[in-house]
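Chemist: Here you go, start_30.txt (compact mmCIF, C-alpha atoms):
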# COMPACT_ATOMS: atom_id res chain seq x y z
CA MET H 30 0.00 0.00 0.00
CA GLU H 31 1.36 3.35 -1.00
CA VAL H 32 -0.07 6.75 -0.15
CA VAL H 33 0.14 8.94 -3.24
CA GLU H 34 -1.68 12.01 -2.01
CA LYS H 35 -2.69 12.46 1.62
CA THR H 36 -5.39 15.05 1.10
CA HIS H 37 -6.66 14.99 -2.42
CA ALA H 38 -9.92 16.82 -1.70
CA LEU H 39 -12.36 17.59 1.08
CA LEU H 40 -15.73 15.86 0.97
CA SER H 41 -18.98 17.24 2.27
CA ASN H 42 -21.13 15.09 4.50
CA HIS H 43 -23.75 14.94 1.77
CA GLU H 44 -21.31 13.46 -0.77
CA VAL H 45 -20.23 10.77 1.67
CA LEU H 46 -23.82 9.99 2.60
CA SER H 47 -24.95 9.53 -1.01
CA HIS H 48 -21.90 7.41 -1.85
CA LEU H 49 -22.48 5.10 1.12
CA ARG H 50 -26.16 4.82 0.28
CA ASP H 51 -25.22 3.84 -3.28
CA ILE H 52 -23.06 1.08 -1.84
CA GLN H 53 -25.81 -0.14 0.46
CA ASN H 54 -28.35 -0.25 -2.36
CA GLY H 55 -25.96 -1.33 -5.11
CA THR H 56 -26.90 1.66 -7.29
CA ASN H 57 -24.73 3.92 -9.49
CA ASP H 58 -22.20 1.22 -10.36
CA GLN H 59 -21.49 0.49 -6.71
CA ARG H 60 -21.47 -3.04 -5.33
CA LYS H 61 -23.48 -4.09 -2.32
CA PRO H 62 -21.33 -5.47 0.52
CA GLY H 63 -21.07 -9.23 0.10
CA ARG H 64 -21.68 -11.76 2.83
CA ASN H 65 -18.05 -11.77 3.90
CA GLN H 66 -17.59 -8.01 3.75
CA GLN H 67 -18.71 -7.29 7.26
CA ASN H 68 -16.35 -4.39 7.79
CA LEU H 69 -17.72 -2.56 4.79
CA ALA H 70 -21.31 -3.24 5.82
CA THR H 71 -20.69 -2.09 9.39
CA VAL H 72 -18.92 1.09 8.44
CA CYS H 73 -21.65 1.96 5.91
CA TYR H 74 -24.42 1.28 8.38
CA SER H 75 -22.96 3.26 11.27
CA THR H 76 -21.90 6.23 9.15
CA VAL H 77 -25.20 6.45 7.29
CA LYS H 78 -27.05 6.26 10.57
CA PHE H 79 -24.96 9.10 11.94
CA LEU H 80 -25.18 11.28 8.84
CA GLU H 81 -28.94 10.85 8.62
CA GLN H 82 -29.19 12.91 11.79
CA THR H 83 -27.19 15.76 10.28
CA PRO H 84 -28.35 18.46 7.82
CA ALA H 85 -26.68 16.43 5.03
CA VAL H 86 -29.80 14.32 4.70
CA SER H 87 -31.89 17.13 3.23
CA GLN H 88 -29.25 18.44 0.80
CA SER H 89 -28.84 17.77 -2.89
CA VAL H 90 -26.26 18.70 -5.51
CA GLU H 91 -28.41 21.61 -6.75
CA ILE H 92 -28.99 22.99 -3.26
CA ILE H 93 -25.27 22.89 -2.49
CA GLU H 94 -24.29 24.55 -5.77
CA ASN H 95 -26.81 27.30 -5.26
CA PHE H 96 -25.64 27.83 -1.68
CA MET H 97 -21.97 27.96 -2.65
CA GLN H 98 -22.65 30.66 -5.24
CA LYS H 99 -24.62 32.73 -2.79
CA ILE H 100 -21.94 32.76 -0.09
CA GLU H 101 -19.17 33.61 -2.55
CA PRO H 102 -19.13 37.37 -1.64
CA PHE H 103 -18.25 36.67 2.01
CA ASN H 104 -14.71 35.57 1.14
CA LEU H 105 -14.74 32.53 3.36
CA THR H 106 -12.13 29.81 3.06
CA LYS H 107 -12.98 26.43 1.61
CA ALA H 108 -12.89 24.76 5.02
CA GLU H 109 -15.19 27.38 6.52
CA LYS H 110 -17.75 27.00 3.75
CA LEU H 111 -17.61 23.24 4.13
CA GLN H 112 -18.28 23.44 7.86
CA ILE H 113 -21.16 25.85 7.39
CA LEU H 114 -22.61 23.43 4.87
CA ASN H 115 -22.16 20.43 7.15
CA LEU H 116 -23.38 22.04 10.36
CA ARG H 117 -26.00 24.52 9.12
CA PRO H 118 -25.48 27.15 11.85
CA THR H 119 -28.50 29.05 13.08
CA THR H 120 -27.03 31.46 15.61
CA GLN H 121 -24.38 34.18 15.62
CA VAL H 122 -22.26 32.39 18.17
CA GLU H 123 -21.98 29.40 15.84
CA ILE H 124 -20.74 31.54 12.96
CA GLN H 125 -18.18 33.10 15.27
CA LEU H 126 -16.93 29.62 16.11
CA LEU H 127 -16.67 28.49 12.51
CA VAL H 128 -15.12 31.59 10.98
CA GLU H 129 -11.62 32.39 12.07
CA GLU H 130 -11.04 35.99 13.22
CA CYS H 131 -14.68 36.57 12.59
CA GLU H 132 -14.82 40.03 14.14
CA GLU H 133 -12.30 41.45 11.70
CA ARG H 134 -13.64 39.73 8.62
CA LEU H 135 -17.39 39.91 9.05
CA SER H 136 -19.55 42.73 10.37
CA GLU H 137 -22.71 42.06 12.38
CA ASP H 138 -24.73 42.72 9.24
CA ASP H 139 -22.68 40.20 7.27
CA ILE H 140 -23.32 37.55 9.90
CA GLU H 141 -27.05 38.27 9.78
CA LYS H 142 -27.03 38.03 5.98
CA LEU H 143 -25.05 34.80 6.10
CA LEU H 144 -27.50 33.28 8.57
CA GLN H 145 -30.36 34.34 6.31
CA ILE H 146 -28.77 32.61 3.32
CA VAL H 147 -28.12 29.47 5.35
CA GLN H 148 -31.72 29.45 6.42
CA THR H 149 -33.25 30.01 2.99
CA CYS H 150 -30.91 27.75 1.04
CA LEU H 151 -30.29 24.85 3.38
CA THR H 152 -33.47 24.42 5.39
CA THR H 153 -35.84 22.68 3.05
CA ASN H 154 -38.74 20.50 4.04
CA ASP H 155 -37.10 18.88 7.01
CA GLN H 156 -38.99 19.40 10.20
CA GLU H 157 -37.35 16.51 11.98
CA SER H 158 -34.46 18.65 13.22
CA SER H 159 -36.67 21.17 14.95
CA MET Y 12 -14.68 15.76 8.35
CA PHE Y 13 -14.21 13.43 5.39
CA ILE Y 14 -11.46 13.64 2.79
CA LEU Y 15 -10.41 11.85 -0.37
CA VAL Y 16 -6.99 10.21 -0.39
CA VAL Y 17 -5.19 8.84 -3.43
CA LEU Y 18 -3.68 5.42 -2.75
CA LYS Y 19 -1.88 2.77 -4.76
CA ASP Y 20 -1.84 -0.93 -4.08
CA THR Y 21 -1.13 -4.28 -5.70
CA ILE Y 22 -4.10 -6.60 -5.86
CA LYS Y 23 -3.77 -10.34 -6.23
CA ILE Y 24 -6.58 -11.97 -8.21
CA GLN Y 25 -6.96 -15.71 -7.80
CA PRO Y 26 -7.58 -17.82 -10.92
CA TRP Y 27 -11.09 -18.80 -9.83
CA ASN Y 28 -12.05 -15.13 -10.02
CA PHE Y 29 -10.85 -14.66 -13.60
CA GLY Y 30 -14.36 -15.25 -14.97
CA LYS Y 31 -15.82 -12.34 -12.94
CA LYS Y 32 -15.74 -8.68 -13.86
CA ARG Y 33 -12.26 -7.43 -13.04
CA THR Y 34 -13.19 -4.03 -11.60
CA GLY Y 35 -15.67 -5.72 -9.29
CA VAL Y 36 -13.09 -8.16 -7.96
CA ILE Y 37 -10.61 -5.33 -7.43
CA LEU Y 38 -13.18 -3.17 -5.63
CA ASP Y 39 -14.10 -6.03 -3.32
CA ALA Y 40 -10.48 -6.80 -2.54
CA LEU Y 41 -9.69 -3.16 -1.74
CA ASN Y 42 -12.78 -2.72 0.40
CA ASN Y 43 -11.96 -5.89 2.33
CA LYS Y 44 -8.51 -4.55 2.99
CA LEU Y 45 -9.42 -0.96 3.92
CA SER Y 46 -12.95 -0.63 5.28
CA ASN Y 47 -13.12 0.31 8.92
CA LYS Y 48 -9.33 0.40 9.26
CA VAL Y 49 -6.97 3.16 10.29
CA ILE Y 50 -4.04 3.92 8.01
CA ASN Y 51 -1.18 5.45 9.92
CA ASP Y 52 -0.91 9.22 9.38
CA VAL Y 53 -3.82 9.19 6.94
CA GLY Y 54 -6.98 8.57 8.94
CA MET Y 55 -9.79 6.06 9.20
CA CYS Y 56 -10.76 4.51 5.90
CA LEU Y 57 -14.43 4.03 5.12
CA THR Y 58 -14.49 2.70 1.59
CA VAL Y 59 -13.14 3.08 -1.94
CA TRP Y 60 -14.46 6.16 -3.77
CA ASP Y 61 -13.41 5.24 -7.30
CA LEU Y 62 -10.67 3.46 -9.25
CA LEU Y 63 -8.32 5.82 -11.08
CA LYS Y 64 -6.04 3.54 -13.03
CA ILE Y 65 -5.64 -0.21 -13.40
CA ASP Y 66 -2.25 -1.21 -14.74
CA ASP Y 67 -1.57 -4.35 -16.75
CA SER Y 68 -1.59 -7.50 -14.65
CA CYS Y 69 1.43 -9.71 -14.32
CA ILE Y 70 1.91 -13.35 -13.41
CA LEU Y 71 4.69 -14.50 -11.13
CA PRO Y 72 6.44 -17.84 -11.69
CA GLY Y 73 4.90 -20.69 -9.76
CA ASP Y 74 1.65 -18.86 -9.04
CA GLY Y 75 -1.56 -18.93 -11.04
CA ALA Y 76 -2.85 -15.64 -9.66
CA THR Y 77 -2.39 -12.28 -11.37
CA HIS Y 78 -1.01 -9.21 -9.64
CA THR Y 79 -2.32 -5.82 -10.65
CA ASN Y 80 -1.21 -2.34 -9.64
CA VAL Y 81 -4.24 -0.16 -8.96
CA SER Y 82 -4.47 3.57 -8.19
CA PHE Y 83 -7.67 4.57 -6.48
CA ARG Y 84 -9.28 7.15 -4.23
CA ALA Y 85 -10.63 6.30 -0.80
CA VAL Y 86 -13.05 8.08 1.53
CA VAL Y 87 -11.24 8.72 4.80
CA LEU Y 88 -12.46 10.17 8.07
CA ARG Y 89 -9.89 12.79 9.03
CA PRO Y 90 -11.21 15.96 10.65
CA PHE Y 91 -8.68 18.77 10.34
CA VAL Y 92 -7.36 20.49 13.44
CA ASP Y 93 -9.68 23.35 14.47
CA GLU Y 94 -12.68 21.81 12.74
CA ILE Y 95 -15.99 22.01 14.60
CA LEU Y 96 -17.88 18.72 14.76
CA VAL Y 97 -21.12 17.56 16.29
CA GLY Y 98 -21.12 14.12 17.87
CA LYS Y 99 -22.77 12.12 20.60
CA ILE Y 100 -21.45 11.59 24.11
CA LYS Y 101 -20.54 7.94 24.38
CA SER Y 102 -19.32 7.82 27.93
CA CYS Y 103 -18.07 9.99 30.76
CA SER Y 104 -15.28 9.17 33.16
CA LYS Y 105 -13.05 11.07 35.50
CA GLU Y 106 -10.29 11.14 32.88
CA SER Y 107 -12.30 12.32 29.88
CA VAL Y 108 -15.57 12.60 28.01
CA GLN Y 109 -15.69 10.20 25.09
CA VAL Y 110 -17.54 11.29 21.94
CA SER Y 111 -18.70 9.21 18.98
CA VAL Y 112 -19.31 10.30 15.39
CA GLY Y 113 -21.00 7.17 14.06
CA CYS Y 114 -18.26 4.94 12.72
CA PHE Y 115 -15.50 6.44 14.86
CA ASP Y 116 -15.46 6.88 18.61
CA ASP Y 117 -11.90 7.42 19.75
CA ILE Y 118 -12.56 11.09 20.40
CA PHE Y 119 -11.69 12.31 23.88
CA ILE Y 120 -12.27 15.60 25.65
CA PRO Y 121 -10.00 15.79 28.72
CA PRO Y 122 -11.22 17.67 31.83
CA GLU Y 123 -8.96 20.68 31.20
CA ASN Y 124 -10.72 21.21 27.85
CA LEU Y 125 -14.23 21.26 29.31
CA GLN Y 126 -16.03 24.51 30.08
CA GLU Y 127 -14.65 26.32 33.09
CA ASN Y 128 -16.17 25.29 36.43
CA SER Y 129 -16.95 21.76 35.32
CA LYS Y 130 -16.91 19.00 37.88
CA PHE Y 131 -17.34 15.26 37.82
CA ASP Y 132 -20.23 13.71 39.72
CA SER Y 133 -18.90 10.31 40.72
CA ARG Y 134 -22.28 9.10 41.95
CA GLU Y 135 -24.04 9.67 38.63
CA GLN Y 136 -20.88 9.27 36.53
CA VAL Y 137 -21.45 12.46 34.55
CA TRP Y 138 -19.70 15.77 34.10
CA ILE Y 139 -21.55 18.89 35.23
CA TRP Y 140 -20.92 22.42 34.01
CA GLN Y 141 -21.66 24.83 36.84
CA TYR Y 142 -22.71 27.83 34.87
CA GLU Y 143 -23.16 31.11 36.66
CA ASP Y 144 -25.64 33.63 35.40
CA GLY Y 145 -26.00 36.85 37.40
CA GLY Y 146 -25.19 35.27 40.73
CA GLN Y 147 -27.40 32.25 40.08
CA ALA Y 148 -25.66 28.94 39.55
CA HIS Y 149 -27.07 26.41 37.12
CA ASP Y 150 -25.97 22.80 36.94
CA LEU Y 151 -25.75 21.68 33.33
CA PHE Y 152 -25.38 17.93 32.99
CA MET Y 153 -23.47 16.20 30.21
CA ASP Y 154 -25.53 13.05 29.89
CA VAL Y 155 -24.54 10.07 27.78
CA GLY Y 156 -26.26 10.10 24.38
CA GLU Y 157 -26.60 13.89 24.19
CA GLN Y 158 -25.41 15.71 21.10
CA ILE Y 159 -22.29 17.73 21.67
CA ARG Y 160 -20.47 20.31 19.56
CA PHE Y 161 -16.69 20.35 19.96
CA ARG Y 162 -13.52 21.63 18.34
CA VAL Y 163 -10.76 19.29 17.21
CA ILE Y 164 -7.59 20.31 19.06
CA SER Y 165 -5.12 17.64 18.07
CA GLU Y 166 -4.83 14.17 16.66
CA LYS Y 167 -2.58 11.29 17.55
CA PHE Y 168 -1.54 8.36 15.41
CA VAL Y 169 0.13 5.33 16.93
CA ASP Y 170 1.75 2.79 14.67
CA LEU Y 171 0.40 -0.54 15.85
CA SER Y 172 2.17 -2.77 13.39
CA PRO Y 173 3.79 -5.62 15.31
CA SER Y 174 7.44 -4.93 16.11
CA GLY Y 175 8.46 -8.36 17.33
CA PRO Y 176 7.56 -10.99 19.84
CA GLN Y 177 6.26 -9.62 23.13
CA TYR Y 178 7.55 -11.71 25.97
CA ASN Y 179 5.91 -10.36 29.04
CA GLU Y 180 2.19 -10.33 29.70
CA LYS Y 181 2.12 -6.68 30.79
CA GLU Y 182 3.51 -5.39 27.54
CA ARG Y 183 1.02 -7.44 25.56
CA VAL Y 184 -1.97 -6.17 27.50
CA GLU Y 185 -0.73 -2.61 27.10
CA ASN Y 186 -0.37 -3.01 23.38
CA ASP Y 187 -3.83 -4.51 23.01
CA SER Y 188 -5.48 -1.52 24.61
CA ARG Y 189 -3.80 1.12 22.46
CA VAL Y 190 -5.82 2.86 19.77
CA PRO Y 191 -4.25 3.62 16.37
CA TYR Y 192 -5.91 6.98 15.85
CA GLU Y 193 -7.23 9.30 18.50
CA ILE Y 194 -8.73 12.79 18.36
CA ILE Y 195 -8.49 15.25 21.24
CA GLY Y 196 -11.36 17.72 21.40
CA SER Y 197 -12.26 20.80 23.38
CA ILE Y 198 -15.49 22.52 24.38
CA CYS Y 199 -13.86 25.38 26.25
CA GLU Y 200 -15.32 28.24 24.15
CA PRO Y 201 -18.68 29.96 23.97
CA GLY Y 202 -20.98 28.03 21.64
CA LEU Y 203 -19.36 24.66 22.29
CA GLY Y 204 -20.79 21.90 24.42
CA LEU Y 205 -24.19 20.25 24.38
CA LEU Y 206 -26.46 21.62 21.64
CA SER Y 207 -29.24 22.13 24.16
CA TRP Y 208 -27.10 24.58 26.17
CA TRP Y 209 -27.05 27.08 23.34
CA ASN Y 210 -30.37 26.51 21.62
CA ALA Y 211 -32.51 28.18 24.21
CA ALA Y 212 -30.50 31.40 24.24
Once you've parsed the file, please lay out its structure as structure tokens.

Modeler:
Amino acid sequence: MEVVEKTHALLSNHEVLSHLRDIQNGTNDQRKPGRNQQNLATVCYSTVKFLEQTPAVSQSVEIIENFMQKIEPFNLTKAEKLQILNLRPTTQVEIQLLVEECEERLSEDDIEKLLQIVQTCLTTNDQESS
Amino acid sequence: MFILVVLKDTIKIQPWNFGKKRTGVILDALNNKLSNKVINDVGMCLTVWDLLKIDDSCILPGDGATHTNVSFRAVVLRPFVDEILVGKIKSCSKESVQVSVGCFDDIFIPPENLQENSKFDSREQVWIWQYEDGGQAHDLFMDVGEQIRFRVISEKFVDLSPSGPQYNEKERVENDSRVPYEIIGSICEPGLGLLSWWNAA
């Protein structure tokens, strides 16, 4: 085994969730775990179960693309955008946690706007989290 | 939280699998090898993402199987330092609070990284944050199973590959209880801790 590239790309929770679901259902050219592939089956089951309780469950490729375009003007780093996407913050204090040196980079108004975008773009027809 | 890693490996395909689709056999072999395993300095592998390149196979003398070099991408759990994650409290002890994120639960929050004024209740086996609000003290419990938001502070990889025979019992027991990959978290900031602490505000 040889590691060619340690971090090739970051994945959002939604991408991982849909890939693991493809494996579980054998769709999109993926293969269902066989009878002697218990490790694969376990890891799929426990991760899917965990991710189904996160905002990732209600996202789709279109929603994410739309959201990414809308938050472009805030000049956030890739990692910050990814965390906002994965965690779907609803309060100011959460944004301040996620964004490094938030006070210098974002004004109070910016944070409000950002929260608005998160709410309109990422909260769609899932009442189970509330 | 999850990343893609490019890896390269040699896969041995036994003759009785020659009739099957080659990519399928390779995928199965790689998943068997990687799923649910920690690779040192890389992270915890979940599964193969896709196959990038399959080289020509070769046959070695005296062996009917083929050996194929494969480049592929794998999904790996590897939160970066400073990332905020939400997990579930798995257990509390005097030494630490253990948190689980589904497939991975070697995440520990030591007492010095808890909110200030936290204390351990040995009778109930939980940590309590004694939060003071205008002279009034509130006891906030960190019960097992609650959702908790934390920051990744550091990570620790231990190479567990066997180094040689272990002669004494003590050494063996010690080695068995080590974990290959461990994440140290912290909730010592406003906004971190149980989700319910911050929702109401």

Chemist: Could I get the residues of range 48-153 of chain Y with an atom no further than 10 Å from an atom of range 158-162 of chain Y, each paired with its nearest atom pair and that distance in Å to one decimal, using only C-alpha atoms, sorted by chain and residue number, as a tab-separated table?

Modeler:
residue	atom	partner	partner_atom	distance
Y:Pro90	CA	Y:Arg162	CA	9.8
Y:Phe91	CA	Y:Arg162	CA	9.8
Y:Val92	CA	Y:Arg162	CA	8.0
Y:Asp93	CA	Y:Arg162	CA	5.7
Y:Glu94	CA	Y:Arg162	CA	5.7
Y:Ile95	CA	Y:Arg162	CA	4.5
Y:Leu96	CA	Y:Phe161	CA	5.6
Y:Val97	CA	Y:Arg160	CA	4.3
Y:Gly98	CA	Y:Ile159	CA	5.4
Y:Lys99	CA	Y:Gln158	CA	4.5
Y:Ile100	CA	Y:Gln158	CA	6.5
Y:Lys101	CA	Y:Gln158	CA	9.7
Y:Val110	CA	Y:Ile159	CA	8.0
Y:Ser111	CA	Y:Gln158	CA	9.6
Y:Val112	CA	Y:Gln158	CA	10.0
Y:Ile120	CA	Y:Phe161	CA	8.6
Y:Asn124	CA	Y:Arg162	CA	9.9
Y:Leu125	CA	Y:Phe161	CA	9.7
Y:Met153	CA	Y:Ile159	CA	8.8

Chemist: Counting all atoms listed in the file, which residues of chain Y fall within 9 Å of chain H, and what is the closest atom pair for each with its distance in Å at one decimal, ordered by chain and rising number, as CSV?

Modeler:
residue,atom,partner,partner_atom,distance
Y:Met12,CA,H:Leu40,CA,7.5
Y:Phe13,CA,H:Leu40,CA,5.3
Y:Ile14,CA,H:Leu39,CA,4.4
Y:Leu15,CA,H:Ala38,CA,5.2
Y:Val16,CA,H:His37,CA,5.2
Y:Val17,CA,H:Glu34,CA,4.9
Y:Leu18,CA,H:Val32,CA,4.6
Y:Lys19,CA,H:Glu31,CA,5.0
Y:Asp20,CA,H:Met30,CA,4.6
Y:Thr21,CA,H:Met30,CA,7.2
Y:Gly35,CA,H:Arg60,CA,7.5
Y:Leu38,CA,H:Arg60,CA,8.3
Y:Asp39,CA,H:Gln66,CA,8.1
Y:Asn42,CA,H:Leu69,CA,6.6
Y:Asn43,CA,H:Gln66,CA,6.2
Y:Leu45,CA,H:Leu69,CA,8.5
Y:Ser46,CA,H:Leu69,CA,5.2
Y:Asn47,CA,H:Asn68,CA,5.8
Y:Lys48,CA,H:Asn68,CA,8.6
Y:Asp52,CA,H:Lys35,CA,8.6
Y:Val53,CA,H:Lys35,CA,6.3
Y:Leu57,CA,H:Val72,CA,6.3
Y:Thr58,CA,H:Leu69,CA,7.0
Y:Trp60,CA,H:His48,CA,7.8
Y:Ser82,CA,H:Val33,CA,8.6
Y:Arg84,CA,H:His37,CA,8.5
Y:Val86,CA,H:Val45,CA,7.7
Y:Asp93,CA,H:Leu127,CA,8.9
Y:Glu94,CA,H:Gln112,CA,7.6
Y:Ile95,CA,H:Leu127,CA,6.8
Y:Leu96,CA,H:Leu116,CA,7.8
Y:Val97,CA,H:Leu116,CA,7.8
Y:Gly98,CA,H:Phe79,CA,8.7
Y:Val112,CA,H:Phe79,CA,6.7
Y:Gly113,CA,H:Phe79,CA,4.9
Y:Cys114,CA,H:Ser75,CA,5.2
Y:Phe115,CA,H:Thr76,CA,8.6
Y:Arg162,CA,H:Leu126,CA,9.0
Y:Glu200,CA,H:Leu126,CA,8.3
Y:Pro201,CA,H:Val122,CA,7.2
Y:Gly202,CA,H:Val122,CA,5.7
Y:Leu203,CA,H:Leu126,CA,8.3
Y:Trp209,CA,H:Val122,CA,8.8
Y:Asn210,CA,H:Thr120,CA,8.5

Chemist: In Å, with one decimal, what is the gap from CA of Ser107 in chain Y to CA of Tyr192 in chain Y?

Modeler: 16.3 Å

Chemist: Build an axis-aligned box that encloses every atom of range 135-141 of chain H listed in the file, pad it by 4 Å on each side, and report its centre and edge lengths in Å to one decimal, as lines of an AutoDock Vina configuration file.

Modeler:
center_x = -22.2
center_y = 40.1
center_z = 9.8
size_x = 17.7
size_y = 13.2
size_z = 13.1

Chemist: By how many Å are CA of Asp116 in chain Y and CA of Arg134 in chain Y apart?

Modeler: 24.4 Å

Chemist: Enter the distance from CA of Gln109 in chain Y to CA of Ser47 in chain H, in Å, rounded to one decimal.

Modeler: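 We find that CA of Gln109 in chain Y and CA of Ser47 in chain H lie 27.7 Å from each other.
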
Chemist: Which residue, Y:Ile198, Y:Cys56, Y:Ile70, Y:Cys103, has the smallest gap to Lys44 in chain Y when you use all atoms listed in the file?

Modeler: Y:Cys56

Chemist: Considering all atoms listed in the file, can you say which of H:Ser87, H:Ser136, H:Gln53, H:Asn104 comes closest to Leu151 in chain H?

Modeler: H:Ser87

Chemist: Tell me which protein, DNA and RNA residues are within 9 Å of Cys150 in chain H, counting all atoms listed in the file, leaving out same-chain ones fewer than 6 positions away, and put them as a VMD selection string.

Modeler: chain H and resid 92 to 93 95 to 96 99

Chemist: Counting only C-alpha atoms, which residues have an atom no more than 10 Å from (-11.9, 5.0, -12.0) in the file's coordinates? Please list them as a list in words.

Modeler: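 Final list of nearby residues, as requested, is Thr34, Trp60, Asp61, Leu62, Leu63, Lys64, Ile65, Val81, Ser82, Phe83 and Arg84 of chain Y.
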
Chemist: Restricting the calculation to all atoms listed in the file, which member of Y:Phe152, Y:Phe119, Y:Phe168, Y:Trp27 is positioned closest to Arg189 in chain Y?

Modeler: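 Comparing Y:Phe152, Y:Phe119, Y:Phe168, Y:Trp27 against Arg189 in chain Y, the winner is Y:Phe168.
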